[in-house]
Every structure is written in structure tokens, then in C-alpha cells.
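final-v3.cif follows; it contains mmCIF, C-alpha atoms.
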data_model
loop_
_atom_site.group_PDB
_atom_site.id
_atom_site.type_symbol
_atom_site.label_atom_id
_atom_site.label_comp_id
_atom_site.auth_asym_id
_atom_site.auth_seq_id
_atom_site.Cartn_x
_atom_site.Cartn_y
_atom_site.Cartn_z
ATOM 1 C CA MET O 1 -12.976 -0.884 -26.611
ATOM 2 C CA SER O 2 -13.305 -3.110 -23.576
ATOM 3 C CA ASN O 3 -10.768 -2.644 -20.820
ATOM 4 C CA VAL O 4 -10.906 -5.987 -19.076
ATOM 5 C CA TYR O 5 -9.627 -5.767 -15.544
ATOM 6 C CA GLN O 6 -6.196 -7.393 -15.568
ATOM 7 C CA ILE O 7 -6.678 -9.526 -12.482
ATOM 8 C CA GLY O 8 -9.332 -11.541 -14.306
ATOM 9 C CA GLN O 9 -6.579 -12.771 -16.600
ATOM 10 C CA ALA O 10 -4.081 -13.386 -13.818
ATOM 11 C CA ASP O 11 -1.803 -16.392 -14.013
ATOM 12 C CA PRO O 12 -3.489 -18.851 -11.621
ATOM 13 C CA ILE O 13 -0.097 -19.944 -10.275
ATOM 14 C CA LYS O 14 0.649 -16.404 -9.203
ATOM 15 C CA ARG O 15 -2.796 -15.629 -7.872
ATOM 16 C CA ASP O 16 -2.140 -15.972 -4.167
ATOM 17 C CA TYR O 17 0.003 -12.963 -3.542
ATOM 18 C CA ILE O 18 -1.073 -9.442 -2.723
ATOM 19 C CA ARG O 19 -1.001 -7.153 -5.778
ATOM 20 C CA VAL O 20 0.328 -3.669 -5.117
ATOM 21 C CA LYS O 21 -1.291 -1.066 -7.370
ATOM 22 C CA VAL O 22 -1.495 2.653 -7.882
ATOM 23 C CA MET O 23 -4.333 4.758 -9.290
ATOM 24 C CA GLY O 24 -4.739 8.447 -10.030
ATOM 25 C CA ILE O 25 -7.661 10.670 -9.064
ATOM 26 C CA ILE O 26 -7.903 13.263 -11.842
ATOM 27 C CA ARG O 27 -10.700 15.788 -11.283
ATOM 28 C CA ARG O 28 -12.674 17.964 -13.707
ATOM 29 C CA GLY O 29 -15.202 19.801 -11.571
ATOM 30 C CA ASP O 30 -17.258 17.113 -9.809
ATOM 31 C CA ALA O 31 -16.158 14.460 -12.279
ATOM 32 C CA LEU O 32 -13.268 11.994 -12.098
ATOM 33 C CA LEU O 33 -11.436 10.447 -15.018
ATOM 34 C CA LEU O 34 -12.550 6.798 -14.975
ATOM 35 C CA GLU O 35 -12.270 3.716 -17.140
ATOM 36 C CA ASP O 36 -14.906 1.038 -17.638
ATOM 37 C CA ILE O 37 -14.455 -2.307 -15.880
ATOM 38 C CA HIS O 38 -15.811 -5.399 -17.608
ATOM 39 C CA ASN O 39 -15.903 -8.899 -16.253
ATOM 40 C CA PRO O 40 -14.397 -11.686 -18.415
ATOM 41 C CA ASP O 41 -17.661 -12.189 -20.360
ATOM 42 C CA GLY O 42 -17.637 -8.533 -21.374
ATOM 43 C CA THR O 43 -20.392 -7.255 -19.082
ATOM 44 C CA LEU O 44 -19.841 -3.731 -17.796
ATOM 45 C CA ILE O 45 -19.683 -4.028 -14.009
ATOM 46 C CA GLY O 46 -18.338 -0.681 -12.847
ATOM 47 C CA PHE O 47 -15.715 2.036 -13.164
ATOM 48 C CA ARG O 48 -12.353 2.867 -11.636
ATOM 49 C CA PRO O 49 -9.614 5.474 -11.777
ATOM 50 C CA LEU O 50 -6.776 4.760 -14.181
ATOM 51 C CA GLY O 51 -3.554 3.188 -13.037
ATOM 52 C CA GLY O 52 -2.003 -0.242 -12.731
ATOM 53 C CA SER O 53 0.433 -2.515 -10.948
ATOM 54 C CA ILE O 54 3.561 -1.190 -9.290
ATOM 55 C CA GLU O 55 6.582 -3.038 -10.631
ATOM 56 C CA PHE O 56 9.204 -4.539 -8.343
ATOM 57 C CA GLY O 57 11.728 -1.841 -7.438
ATOM 58 C CA GLU O 58 9.470 1.000 -8.561
ATOM 59 C CA LYS O 59 7.935 3.645 -6.270
ATOM 60 C CA SER O 60 4.171 4.122 -6.451
ATOM 61 C CA TRP O 61 4.376 7.629 -7.938
ATOM 62 C CA GLU O 62 6.809 6.456 -10.627
ATOM 63 C CA ALA O 63 4.405 3.644 -11.502
ATOM 64 C CA LEU O 64 1.483 6.069 -11.805
ATOM 65 C CA GLU O 65 3.412 8.374 -14.123
ATOM 66 C CA ARG O 66 4.466 5.362 -16.225
ATOM 67 C CA GLU O 67 0.925 3.981 -16.420
ATOM 68 C CA PHE O 68 -0.566 7.273 -17.602
ATOM 69 C CA MET O 69 2.159 7.592 -20.215
ATOM 70 C CA GLU O 70 1.689 3.993 -21.423
ATOM 71 C CA GLU O 71 -2.097 3.936 -21.403
ATOM 72 C CA LEU O 72 -3.020 7.481 -22.395
ATOM 73 C CA GLY O 73 0.240 9.065 -23.541
ATOM 74 C CA GLU O 74 -0.356 11.766 -20.926
ATOM 75 C CA ASP O 75 2.069 13.377 -18.497
ATOM 76 C CA ILE O 76 0.685 13.942 -15.020
ATOM 77 C CA LYS O 77 1.657 15.991 -11.997
ATOM 78 C CA ILE O 78 0.970 14.201 -8.717
ATOM 79 C CA THR O 79 -0.246 16.634 -6.063
ATOM 80 C CA LYS O 80 -0.798 14.450 -2.975
ATOM 81 C CA LEU O 81 -1.369 10.974 -1.579
ATOM 82 C CA PHE O 82 -5.137 10.615 -1.203
ATOM 83 C CA ALA O 83 -5.349 7.194 0.484
ATOM 84 C CA VAL O 84 -3.830 3.738 0.616
ATOM 85 C CA MET O 85 -6.543 1.117 0.434
ATOM 86 C CA GLU O 86 -6.612 -2.573 1.284
ATOM 87 C CA ASN O 87 -9.011 -4.440 -0.896
ATOM 88 C CA ILE O 88 -9.908 -8.098 -0.340
ATOM 89 C CA PHE O 89 -12.487 -9.355 -2.806
ATOM 90 C CA ALA O 90 -13.701 -12.150 -5.024
ATOM 91 C CA TRP O 91 -13.121 -11.872 -8.747
ATOM 92 C CA ALA O 92 -14.398 -14.398 -11.314
ATOM 93 C CA GLY O 93 -14.762 -16.980 -8.570
ATOM 94 C CA ALA O 94 -11.271 -16.537 -7.156
ATOM 95 C CA PRO O 95 -10.096 -14.559 -4.135
ATOM 96 C CA GLY O 96 -8.224 -11.340 -4.789
ATOM 97 C CA HIS O 97 -6.205 -9.069 -2.519
ATOM 98 C CA GLU O 98 -4.730 -5.754 -3.566
ATOM 99 C CA ILE O 99 -3.164 -2.709 -1.969
ATOM 100 C CA VAL O 100 -3.953 0.487 -3.859
ATOM 101 C CA PHE O 101 -2.007 3.732 -3.495
ATOM 102 C CA LEU O 102 -4.363 6.507 -4.628
ATOM 103 C CA TYR O 103 -2.922 9.879 -5.598
ATOM 104 C CA GLU O 104 -4.540 13.150 -6.555
ATOM 105 C CA ALA O 105 -3.014 14.279 -9.828
ATOM 106 C CA ASP O 106 -3.446 16.748 -12.695
ATOM 107 C CA LEU O 107 -2.998 16.217 -16.412
ATOM 108 C CA LEU O 108 -0.197 18.449 -17.665
ATOM 109 C CA ASN O 109 -1.792 18.846 -21.090
ATOM 110 C CA LYS O 110 -4.726 21.128 -20.252
ATOM 111 C CA GLY O 111 -6.282 20.497 -23.676
ATOM 112 C CA THR O 112 -7.111 16.955 -22.567
ATOM 113 C CA TYR O 113 -9.600 18.368 -20.035
ATOM 114 C CA ASN O 114 -11.692 19.558 -22.995
ATOM 115 C CA GLU O 115 -12.069 16.024 -24.367
ATOM 116 C CA ASN O 116 -15.205 14.400 -22.974
ATOM 117 C CA ILE O 117 -14.066 10.936 -23.992
ATOM 118 C CA ILE O 118 -10.314 10.330 -24.060
ATOM 119 C CA GLU O 119 -9.357 7.512 -26.429
ATOM 120 C CA ARG O 120 -5.721 6.553 -26.889
ATOM 121 C CA MET O 121 -3.622 3.660 -28.129
ATOM 122 C CA ASP O 122 -2.450 1.727 -25.043
ATOM 123 C CA ILE O 123 1.181 0.940 -25.904
ATOM 124 C CA SER O 124 1.454 -1.422 -22.914
ATOM 125 C CA ASN O 125 -1.424 -3.578 -24.164
ATOM 126 C CA ASP O 126 -0.782 -4.443 -27.837
ATOM 127 C CA GLY O 127 -2.000 -1.054 -28.977
ATOM 128 C CA GLN O 128 -5.561 -1.722 -27.824
ATOM 129 C CA ILE O 129 -7.673 1.400 -27.507
ATOM 130 C CA LYS O 130 -7.840 2.736 -23.970
ATOM 131 C CA THR O 131 -10.911 4.803 -23.173
ATOM 132 C CA ALA O 132 -11.254 7.134 -20.217
ATOM 133 C CA VAL O 133 -14.366 9.188 -19.491
ATOM 134 C CA TRP O 134 -15.127 12.026 -17.048
ATOM 135 C CA ARG O 135 -17.857 10.723 -14.781
ATOM 136 C CA ASP O 136 -19.520 11.892 -11.576
ATOM 137 C CA PRO O 137 -18.499 9.130 -9.108
ATOM 138 C CA PHE O 138 -21.696 9.697 -7.105
ATOM 139 C CA ASN O 139 -23.942 9.281 -10.131
ATOM 140 C CA LEU O 140 -22.510 6.502 -12.257
ATOM 141 C CA PRO O 141 -24.505 4.995 -15.156
ATOM 142 C CA ASP O 142 -26.975 2.227 -14.239
ATOM 143 C CA GLY O 143 -26.066 2.599 -10.551
ATOM 144 C CA LEU O 144 -22.853 0.668 -11.197
ATOM 145 C CA PRO O 145 -20.143 0.823 -8.508
ATOM 146 C CA LEU O 146 -16.874 2.692 -8.325
ATOM 147 C CA PHE O 147 -13.814 0.508 -7.747
ATOM 148 C CA PRO O 148 -11.734 -0.064 -5.708
ATOM 149 C CA ASN O 149 -14.275 -0.856 -3.009
ATOM 150 C CA GLY O 150 -14.321 1.808 -0.320
ATOM 151 C CA LEU O 151 -13.128 4.636 -2.563
ATOM 152 C CA ILE O 152 -16.589 6.197 -2.795
ATOM 153 C CA GLU O 153 -16.723 6.503 1.019
ATOM 154 C CA LYS O 154 -13.274 8.138 1.034
ATOM 155 C CA LEU O 155 -14.414 10.619 -1.637
ATOM 156 C CA LYS O 156 -17.430 11.538 0.514
ATOM 157 C CA GLY O 157 -15.102 12.288 3.397
ATOM 158 C CA ALA O 158 -12.682 14.352 1.307
ATOM 159 C CA MET L 159 10.219 -15.598 -9.232
ATOM 160 C CA MET L 160 9.278 -15.091 -5.607
ATOM 161 C CA THR L 161 12.007 -12.504 -5.095
ATOM 162 C CA ASP L 162 10.342 -10.259 -7.644
ATOM 163 C CA ILE L 163 7.128 -9.822 -5.687
ATOM 164 C CA ILE L 164 6.530 -6.689 -3.638
ATOM 165 C CA LYS L 165 6.002 -7.781 -0.033
ATOM 166 C CA VAL L 166 3.233 -6.168 1.967
ATOM 167 C CA LYS L 167 4.172 -5.513 5.595
ATOM 168 C CA ALA L 168 2.404 -4.139 8.641
ATOM 169 C CA TYR L 169 4.044 -2.566 11.687
ATOM 170 C CA ALA L 170 2.861 -1.189 15.019
ATOM 171 C CA LEU L 171 3.676 2.227 16.428
ATOM 172 C CA ILE L 172 3.334 1.831 20.205
ATOM 173 C CA ARG L 173 4.114 4.985 22.176
ATOM 174 C CA ARG L 174 5.301 5.653 25.736
ATOM 175 C CA ALA L 175 5.505 9.429 26.277
ATOM 176 C CA GLY L 176 8.103 10.578 23.694
ATOM 177 C CA GLU L 177 9.326 7.057 23.064
ATOM 178 C CA VAL L 178 8.225 4.334 20.693
ATOM 179 C CA LEU L 179 8.686 0.572 20.826
ATOM 180 C CA LEU L 180 11.401 -0.545 18.406
ATOM 181 C CA GLU L 181 13.447 -3.644 17.767
ATOM 182 C CA PRO L 182 17.201 -2.931 17.914
ATOM 183 C CA ILE L 183 19.176 -4.623 15.132
ATOM 184 C CA THR L 184 22.479 -5.819 16.568
ATOM 185 C CA THR L 185 25.691 -7.402 15.337
ATOM 186 C CA ALA L 186 26.883 -10.734 16.767
ATOM 187 C CA GLU L 187 28.902 -8.652 19.257
ATOM 188 C CA GLY L 188 25.777 -6.875 20.418
ATOM 189 C CA ASP L 189 26.432 -3.489 18.827
ATOM 190 C CA VAL L 190 23.253 -1.732 17.776
ATOM 191 C CA ILE L 191 23.409 -0.958 14.036
ATOM 192 C CA GLY L 192 19.840 0.190 13.545
ATOM 193 C CA TYR L 193 16.228 -0.098 14.622
ATOM 194 C CA ARG L 194 13.053 -1.340 13.072
ATOM 195 C CA ALA L 195 9.395 -1.180 13.934
ATOM 196 C CA LEU L 196 7.788 -4.412 15.141
ATOM 197 C CA GLY L 197 5.449 -6.291 12.867
ATOM 198 C CA GLY L 198 5.670 -8.573 9.892
ATOM 199 C CA GLU L 199 4.301 -9.692 6.558
ATOM 200 C CA VAL L 200 0.627 -9.389 5.667
ATOM 201 C CA GLU L 201 -0.787 -12.698 4.438
ATOM 202 C CA PHE L 202 -2.983 -13.018 1.376
ATOM 203 C CA GLY L 203 -6.564 -12.282 2.402
ATOM 204 C CA GLU L 204 -5.555 -10.622 5.688
ATOM 205 C CA LEU L 205 -6.003 -6.956 6.601
ATOM 206 C CA ALA L 206 -2.855 -5.146 7.755
ATOM 207 C CA GLY L 207 -4.371 -4.414 11.185
ATOM 208 C CA ASP L 208 -5.106 -8.116 11.695
ATOM 209 C CA ALA L 209 -1.583 -9.012 10.584
ATOM 210 C CA ILE L 210 -0.079 -6.741 13.265
ATOM 211 C CA LYS L 211 -2.228 -8.343 15.986
ATOM 212 C CA ARG L 212 -1.203 -11.820 14.790
ATOM 213 C CA GLU L 213 2.496 -10.899 14.635
ATOM 214 C CA PHE L 214 2.474 -9.510 18.190
ATOM 215 C CA ILE L 215 0.891 -12.697 19.491
ATOM 216 C CA GLU L 216 3.437 -14.825 17.599
ATOM 217 C CA GLU L 217 6.508 -12.745 18.407
ATOM 218 C CA LEU L 218 5.830 -11.281 21.852
ATOM 219 C CA GLY L 219 2.848 -13.299 23.068
ATOM 220 C CA GLU L 220 1.056 -9.981 23.676
ATOM 221 C CA ASP L 221 -2.331 -8.706 22.591
ATOM 222 C CA ILE L 222 -2.553 -5.218 21.128
ATOM 223 C CA ILE L 223 -5.330 -2.813 20.187
ATOM 224 C CA VAL L 224 -4.751 -1.417 16.705
ATOM 225 C CA GLY L 225 -5.709 2.243 16.186
ATOM 226 C CA ASP L 226 -5.378 4.674 13.294
ATOM 227 C CA LEU L 227 -3.058 4.419 10.322
ATOM 228 C CA PHE L 228 0.055 6.511 11.067
ATOM 229 C CA CYS L 229 1.676 6.312 7.630
ATOM 230 C CA THR L 230 2.564 4.009 4.785
ATOM 231 C CA SER L 231 6.063 3.315 3.565
ATOM 232 C CA GLU L 232 7.596 2.083 0.336
ATOM 233 C CA ASP L 233 11.042 0.630 0.745
ATOM 234 C CA VAL L 234 13.223 -0.496 -2.130
ATOM 235 C CA TYR L 235 16.460 -1.942 -0.805
ATOM 236 C CA GLU L 236 19.184 -4.529 -1.047
ATOM 237 C CA TYR L 237 19.725 -7.099 1.707
ATOM 238 C CA ASN L 238 22.575 -9.639 1.588
ATOM 239 C CA GLY L 239 22.962 -8.946 -2.112
ATOM 240 C CA HIS L 240 19.286 -9.546 -2.894
ATOM 241 C CA PRO L 241 16.952 -6.798 -4.043
ATOM 242 C CA GLY L 242 13.918 -6.241 -1.847
ATOM 243 C CA HIS L 243 10.764 -4.181 -2.100
ATOM 244 C CA GLU L 244 8.189 -3.652 0.635
ATOM 245 C CA ALA L 245 4.973 -1.703 0.867
ATOM 246 C CA ALA L 246 4.181 -1.179 4.550
ATOM 247 C CA PHE L 247 1.341 0.050 6.725
ATOM 248 C CA ILE L 248 2.285 1.515 10.110
ATOM 249 C CA TYR L 249 -0.597 1.671 12.585
ATOM 250 C CA GLU L 250 -0.798 3.318 15.981
ATOM 251 C CA ALA L 251 -1.324 0.584 18.597
ATOM 252 C CA GLU L 252 -1.491 -0.031 22.349
ATOM 253 C CA PHE L 253 -0.644 -2.992 24.540
ATOM 254 C CA VAL L 254 -3.586 -4.539 26.351
ATOM 255 C CA ASN L 255 -1.226 -5.499 29.199
ATOM 256 C CA LYS L 256 -0.323 -2.085 30.670
ATOM 257 C CA ASP L 257 2.568 -3.572 32.727
ATOM 258 C CA LEU L 258 4.622 -3.622 29.521
ATOM 259 C CA TYR L 259 4.841 0.168 29.646
ATOM 260 C CA ASP L 260 6.824 -0.161 32.915
ATOM 261 C CA GLN L 261 9.433 -2.494 31.395
ATOM 262 C CA ASP L 262 12.403 -0.818 29.720
ATOM 263 C CA LYS L 263 13.065 -3.875 27.576
ATOM 264 C CA ILE L 264 10.731 -6.611 26.412
ATOM 265 C CA VAL L 265 12.523 -9.844 25.552
ATOM 266 C CA ARG L 266 10.510 -12.841 24.388
ATOM 267 C CA VAL L 267 10.849 -15.885 22.176
ATOM 268 C CA ASP L 268 8.942 -15.937 18.895
ATOM 269 C CA THR L 269 7.191 -19.271 19.433
ATOM 270 C CA LEU L 270 6.461 -19.775 15.733
ATOM 271 C CA HIS L 271 10.069 -19.359 14.575
ATOM 272 C CA ASN L 272 11.840 -20.102 17.882
ATOM 273 C CA ILE L 273 13.966 -16.961 17.717
ATOM 274 C CA PRO L 274 14.427 -14.308 20.401
ATOM 275 C CA VAL L 275 12.657 -10.981 19.975
ATOM 276 C CA HIS L 276 13.987 -7.855 21.680
ATOM 277 C CA ALA L 277 12.002 -4.657 21.929
ATOM 278 C CA ALA L 278 12.887 -1.420 23.693
ATOM 279 C CA TRP L 279 11.365 2.027 24.225
ATOM 280 C CA ILE L 280 13.421 4.450 22.177
ATOM 281 C CA ASP L 281 13.110 8.197 21.614
ATOM 282 C CA PRO L 282 13.264 8.395 17.785
ATOM 283 C CA GLN L 283 14.689 11.930 17.977
ATOM 284 C CA LYS L 284 17.718 10.515 19.824
ATOM 285 C CA ILE L 285 18.609 7.877 17.238
ATOM 286 C CA PRO L 286 21.860 9.032 15.612
ATOM 287 C CA ASP L 287 21.574 9.898 11.933
ATOM 288 C CA ASN L 288 24.066 7.179 11.003
ATOM 289 C CA LEU L 289 21.822 4.439 12.440
ATOM 290 C CA PRO L 290 19.010 3.392 10.111
ATOM 291 C CA LEU L 291 15.425 3.164 11.292
ATOM 292 C CA TRP L 292 13.087 0.993 9.221
ATOM 293 C CA PRO L 293 10.766 1.359 7.412
ATOM 294 C CA GLU L 294 12.219 4.472 5.754
ATOM 295 C CA ASP L 295 9.088 6.599 5.358
ATOM 296 C CA PHE L 296 8.136 5.750 8.956
ATOM 297 C CA ALA L 297 11.569 6.979 10.088
ATOM 298 C CA ARG L 298 11.001 10.242 8.241
ATOM 299 C CA ASP L 299 7.490 10.776 9.646
ATOM 300 C CA ILE L 300 8.187 9.753 13.247
ATOM 301 C CA ARG L 301 11.106 12.194 13.454
ATOM 302 C CA LYS L 302 8.893 14.946 12.043
ATOM 303 C CA LYS L 303 5.740 14.440 14.130
#
For this file, produce the structure as C-alpha cells.
Amino acid sequence: MSNVYQIGQADPIKRDYIRVKVMGIIRRGDALLLEDIHNPDGTLIGFRPLGGSIEFGEKSWEALEREFMEELGEDIKITKLFAVMENIFAWAGAPGHEIVFLYEADLLNKGTYNENIIERMDISNDGQIKTAVWRDPFNLPDGLPLFPNGLIEKLKGA
Amino acid sequence: MMTDIIKVKAYALIRRAGEVLLEPITTAEGDVIGYRALGGEVEFGELAGDAIKREFIEELGEDIIVGDLFCTSEDVYEYNGHPGHEAAFIYEAEFVNKDLYDQDKIVRVDTLHNIPVHAAWIDPQKIPDNLPLWPEDFARDIRKK
């Protein structure tokens, strides 16, 4: 159910290096495919596109394809690089710094676009249920923010 | 393991007409075996643009104005038998000191590491194909644009 943002569980010894991540912008009309972000106490604090960390030796687009396969069991086709963002922030009282490659991409299985809530077994995370929902990024529930910071401004410009 | 962390780098693209400022990589005999953009590693908590400004002060003692992002680059490589992986930002930049555009070569000492730094204005279209230019995606885009 709850998709706790991984950095909140980061190994404190490894905290002080820049994380390099990749996320996919999947569009259905005005909506984007987003997952819920909870802080460590379980409170919903916002939403973000799906993706994850780029592994050492792996290119960003390979990592995005792998993450979608692991988390949702979905094949994607990457269409273009949307932006590369630098994000310096505080998370659960600790500083965080991440680089995020953001790609526009399509789901290859067109039937998935007809599912309003996409729930899958996340094979990379002990088979926990991964939930992704189509949401209008400019009208998110309870006025909660879209992560990573700065993405909403880039979407306005696009 | 520290070697298994993707390093984040930032480089400057400083232009003089059709040329760009690059650091020649040479053998002990002085033969040029490749070129790389000037810059360095982004520190935790630092923006890439700030890292470039800091690196130019440390390496060349020169202030620069950082402009727009030119491209990003992902480089997976092997150096001296060790695997490496960099994610790099390459920003357009200008020297504050305009006299530097009249010098064909800029040779300084990196005061932080006490090593010499050589930079030269090079036309990227004239770099032979057998000489590498780093970062890789920068090499591709600067030859194209």
C-alpha cells in the first residue's frame, strides 16, 4: 500500500553522496502516472513519477526500463529526455541531494492506459504492492506537491 | 564501496569563435592523446553551476559566468583497470577576464592540488576521430552543433 520514499530509509553511512536517479513521465491526456510519497510515519506528503536509482555502470534509460519492469511489470518505450534536475533538499531531518534524469515514455501495453489505478507486485521490494495512479499534476489531491521539486515548473514550460 | 558510486561532474563550455576551451591529455613525452572539458566533481549539497565556478577558481584562478545547460553526459568507462561511472552537466560559460580570449594557451597551477593545468582553444571539428574527447555525450553534441 504505502510506497515509502527510499531515501528515508537510506543507510546513514552512505547518506552524503549524490544519488543519481531516473524517472519516467507517462502521459494519459492531461494526467501523469504518479505514485504516492509518504514520509517515514506514513503521512502522505506528495506524488512523483515512477522510477528509481541508476545502478553503477547502468545508463539512465536502461535503469528506467528496469525500474518499470521491476515495479509494475510493464515495458516502456522512451521517447525523449525531458529534463535533468538537480535537487537539494531536507528529508526526515537529513540533507539530501539527487540528480534526476526525467524521460518522456509510453507504456507498450496499451491496455494499461485503461486502468485508473495500476496495482502490481513490486518484485524489487519483497513483493510489496506498488500502486500508480493517473493524476493531473496541476490539481493534486489536498494541494500536495509534485516531486521532484521544480518538475511542476518544467511541466508548465513544456 | 566508494568505487561503486556514480560520480556527479560539472564542466564548462567556453567558446571563442568556432573553438572551445579544452584540456589536452598528454603522455609523459608530451603527445596529445585526447581532450577533456574543464571542470570537476560536484560536492554533496552543491549545484553543478556552483561547482564549475569553484573548480575554475581552484584550477585556473579565474572567475567565470555560468550560462545555460548545454547537455548532460553519462559516461561508463574503465580507467587504469578500475570501472568508472560519471553523470555530468556541461554548461555554457564565459570568462570574466576577457584577456584570456587573446591567449592561445592558459597554463596555471591548481593551487588546491598543486598540479599544473593546461587549457587551449581547440576547434572540436578538427580533433581527429582517433583522439577521445570527454565527456562522451558532450563530444557527440559539440561536433554536431
| said: Would you pick out the contacts of stretch 65-74 of chain O at 12 Å or less, using all atoms listed in the file, so that residues sharing its chain but fewer than 6 positions from it are not included, and give the list as a PyMOL selection string? | reply: chain O and resi 3+21-26+33+35+49-55+58-59+103-113+117-133
Centre and edge lengths, as lines of an AutoDock Vina configuration file, for the axis-aligned box enclosing every listed atom of stretch 26-41 of chain O with 6 Å of padding on each of the six sides, in Å to one decimal?
center_x = -12.8
center_y = 3.8
center_z = -15.1
size_x = 21.8
size_y = 44.0
size_z = 22.6
Result set, the PyMOL selection byres ((chain O) within 9 of (chain L)) on current file, as a compact mmCIF listing (two decimals) with C-alpha atoms, keeping the file's coordinate frame:
# COMPACT_ATOMS: atom_id res chain seq x y z
CA ASP O 16 -2.14 -15.97 -4.17
CA TYR O 17 0.00 -12.96 -3.54
CA ILE O 18 -1.07 -9.44 -2.72
CA ARG O 19 -1.00 -7.15 -5.78
CA VAL O 20 0.33 -3.67 -5.12
CA ILE O 54 3.56 -1.19 -9.29
CA GLU O 55 6.58 -3.04 -10.63
CA PHE O 56 9.20 -4.54 -8.34
CA GLY O 57 11.73 -1.84 -7.44
CA GLU O 58 9.47 1.00 -8.56
CA LYS O 59 7.94 3.64 -6.27
CA SER O 60 4.17 4.12 -6.45
CA VAL O 84 -3.83 3.74 0.62
CA GLU O 86 -6.61 -2.57 1.28
CA ASN O 87 -9.01 -4.44 -0.90
CA ILE O 88 -9.91 -8.10 -0.34
CA PHE O 89 -12.49 -9.36 -2.81
CA PRO O 95 -10.10 -14.56 -4.14
CA GLY O 96 -8.22 -11.34 -4.79
CA HIS O 97 -6.20 -9.07 -2.52
CA GLU O 98 -4.73 -5.75 -3.57
CA ILE O 99 -3.16 -2.71 -1.97
Would you translate the PyMOL selection byres ((chain L and resi 253) around 8) into the concrete set of residues it matches in this file, as a PyMOL selection string? chain L and resi 172+220-223+251-252+254-256+258
Spatial neighbours of O:Ile152, max dist 12 Å, all atoms listed in the file, sep filter under 2 positions, as a list in words
Ile25, Leu32, Phe47, Arg48, Pro49, Ala83, Met85, Asp136, Pro137, Phe138, Asn139, Leu140, Leu144, Pro145, Leu146, Phe147, Pro148, Asn149, Gly150, Lys154, Leu155, Lys156, Gly157 and Ala158 of chain O
note - atom CA of L:Pro274 and atom CA of L:Thr184 are separated by 12.3 Å
A straight line from atom CA of L:Gly225 to atom CA of L:Pro293 spans 18.7 Å
Go ahead and compute the interatomic distance for atom CA of L:Ile273 and atom CA of L:Tyr249, in Å to one decimal.
->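 Atom-to-atom, atom CA of L:Ile273 and atom CA of L:Tyr249 are spaced 24.2 Å apart.
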- Task: Kindly resolve the PyMOL selection byres ((chain L and resi 265) around 6) on the present coordinates and return the residues as a list in words.
- Result: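 Those residues are Ile264, Arg266, Val275 and His276 of chain L.
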**Asked** When distances are computed from only C-alpha atoms, which of L:Ile183, L:Val267, L:Ala168, L:Val178 shows the smallest separation from L:Ile215?
**Response**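 Using only C-alpha atoms, the shortest distance to L:Ile215 belongs to L:Val267.
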One residue among L:Glu217, L:Glu199, L:Asp268, L:Asp262 is nearest to L:Ile248 when using only C-alpha atoms, and that residue is L:Glu199
Report task. Would you be able to write out as number ranges by chain which residues have an atom within 8 Å of (4.6, -7.0, 13.4) in the file's coordinates, counting all atoms listed in the file? Result -> L: 167-170, 195-199, 209-214, 217
Worksheet item: Which residues, protein or nucleic acid, reach to within 7 Å of (-15.0, -16.5, -17.7) in the file's coordinates when using all atoms listed in the file, and can you give that as a VMD selection string?
Response: chain O and resid 40 to 41 92
Please supply stretch 287-300 of chain L, rebuilt with N, CA and C atoms, as a PDB file, in the frame of the given file.
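Result file is selection06.pdb:
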ATOM      1  N   ASP L 287      21.877   9.900  13.364  1.00  0.00           N
ATOM      2  CA  ASP L 287      21.574   9.898  11.933  1.00  0.00           C
ATOM      3  C   ASP L 287      22.230   8.748  11.185  1.00  0.00           C
ATOM      4  N   ASN L 288      23.370   8.250  11.723  1.00  0.00           N
ATOM      5  CA  ASN L 288      24.066   7.179  11.003  1.00  0.00           C
ATOM      6  C   ASN L 288      23.464   5.800  11.269  1.00  0.00           C
ATOM      7  N   LEU L 289      22.481   5.714  12.195  1.00  0.00           N
ATOM      8  CA  LEU L 289      21.822   4.439  12.440  1.00  0.00           C
ATOM      9  C   LEU L 289      20.480   4.414  11.698  1.00  0.00           C
ATOM     10  N   PRO L 290      20.276   3.431  10.841  1.00  0.00           N
ATOM     11  CA  PRO L 290      19.010   3.392  10.111  1.00  0.00           C
ATOM     12  C   PRO L 290      17.834   3.006  11.006  1.00  0.00           C
ATOM     13  N   LEU L 291      16.687   3.550  10.666  1.00  0.00           N
ATOM     14  CA  LEU L 291      15.425   3.164  11.292  1.00  0.00           C
ATOM     15  C   LEU L 291      14.501   2.753  10.156  1.00  0.00           C
ATOM     16  N   TRP L 292      13.940   1.541  10.278  1.00  0.00           N
ATOM     17  CA  TRP L 292      13.087   0.993   9.221  1.00  0.00           C
ATOM     18  C   TRP L 292      11.658   0.877   9.689  1.00  0.00           C
ATOM     19  N   PRO L 293      10.660   0.997   8.835  1.00  0.00           N
ATOM     20  CA  PRO L 293      10.766   1.359   7.412  1.00  0.00           C
ATOM     21  C   PRO L 293      11.139   2.837   7.221  1.00  0.00           C
ATOM     22  N   GLU L 294      11.630   3.160   6.036  1.00  0.00           N
ATOM     23  CA  GLU L 294      12.219   4.472   5.754  1.00  0.00           C
ATOM     24  C   GLU L 294      11.237   5.640   5.881  1.00  0.00           C
ATOM     25  N   ASP L 295      10.049   5.487   5.312  1.00  0.00           N
ATOM     26  CA  ASP L 295       9.088   6.599   5.358  1.00  0.00           C
ATOM     27  C   ASP L 295       8.559   6.784   6.777  1.00  0.00           C
ATOM     28  N   PHE L 296       8.502   5.686   7.537  1.00  0.00           N
ATOM     29  CA  PHE L 296       8.136   5.750   8.956  1.00  0.00           C
ATOM     30  C   PHE L 296       9.201   6.546   9.713  1.00  0.00           C
ATOM     31  N   ALA L 297      10.467   6.266   9.434  1.00  0.00           N
ATOM     32  CA  ALA L 297      11.569   6.979  10.088  1.00  0.00           C
ATOM     33  C   ALA L 297      11.451   8.478   9.836  1.00  0.00           C
ATOM     34  N   ARG L 298      11.134   8.822   8.598  1.00  0.00           N
ATOM     35  CA  ARG L 298      11.001  10.242   8.241  1.00  0.00           C
ATOM     36  C   ARG L 298       9.837  10.873   9.017  1.00  0.00           C
ATOM     37  N   ASP L 299       8.688  10.176   9.038  1.00  0.00           N
ATOM     38  CA  ASP L 299       7.490  10.776   9.646  1.00  0.00           C
ATOM     39  C   ASP L 299       7.554  10.787  11.163  1.00  0.00           C
ATOM     40  N   ILE L 300       8.167   9.785  11.785  1.00  0.00           N
ATOM     41  CA  ILE L 300       8.187   9.753  13.247  1.00  0.00           C
ATOM     42  C   ILE L 300       9.164  10.795  13.793  1.00  0.00           C
TER      43      ILE L 300
END
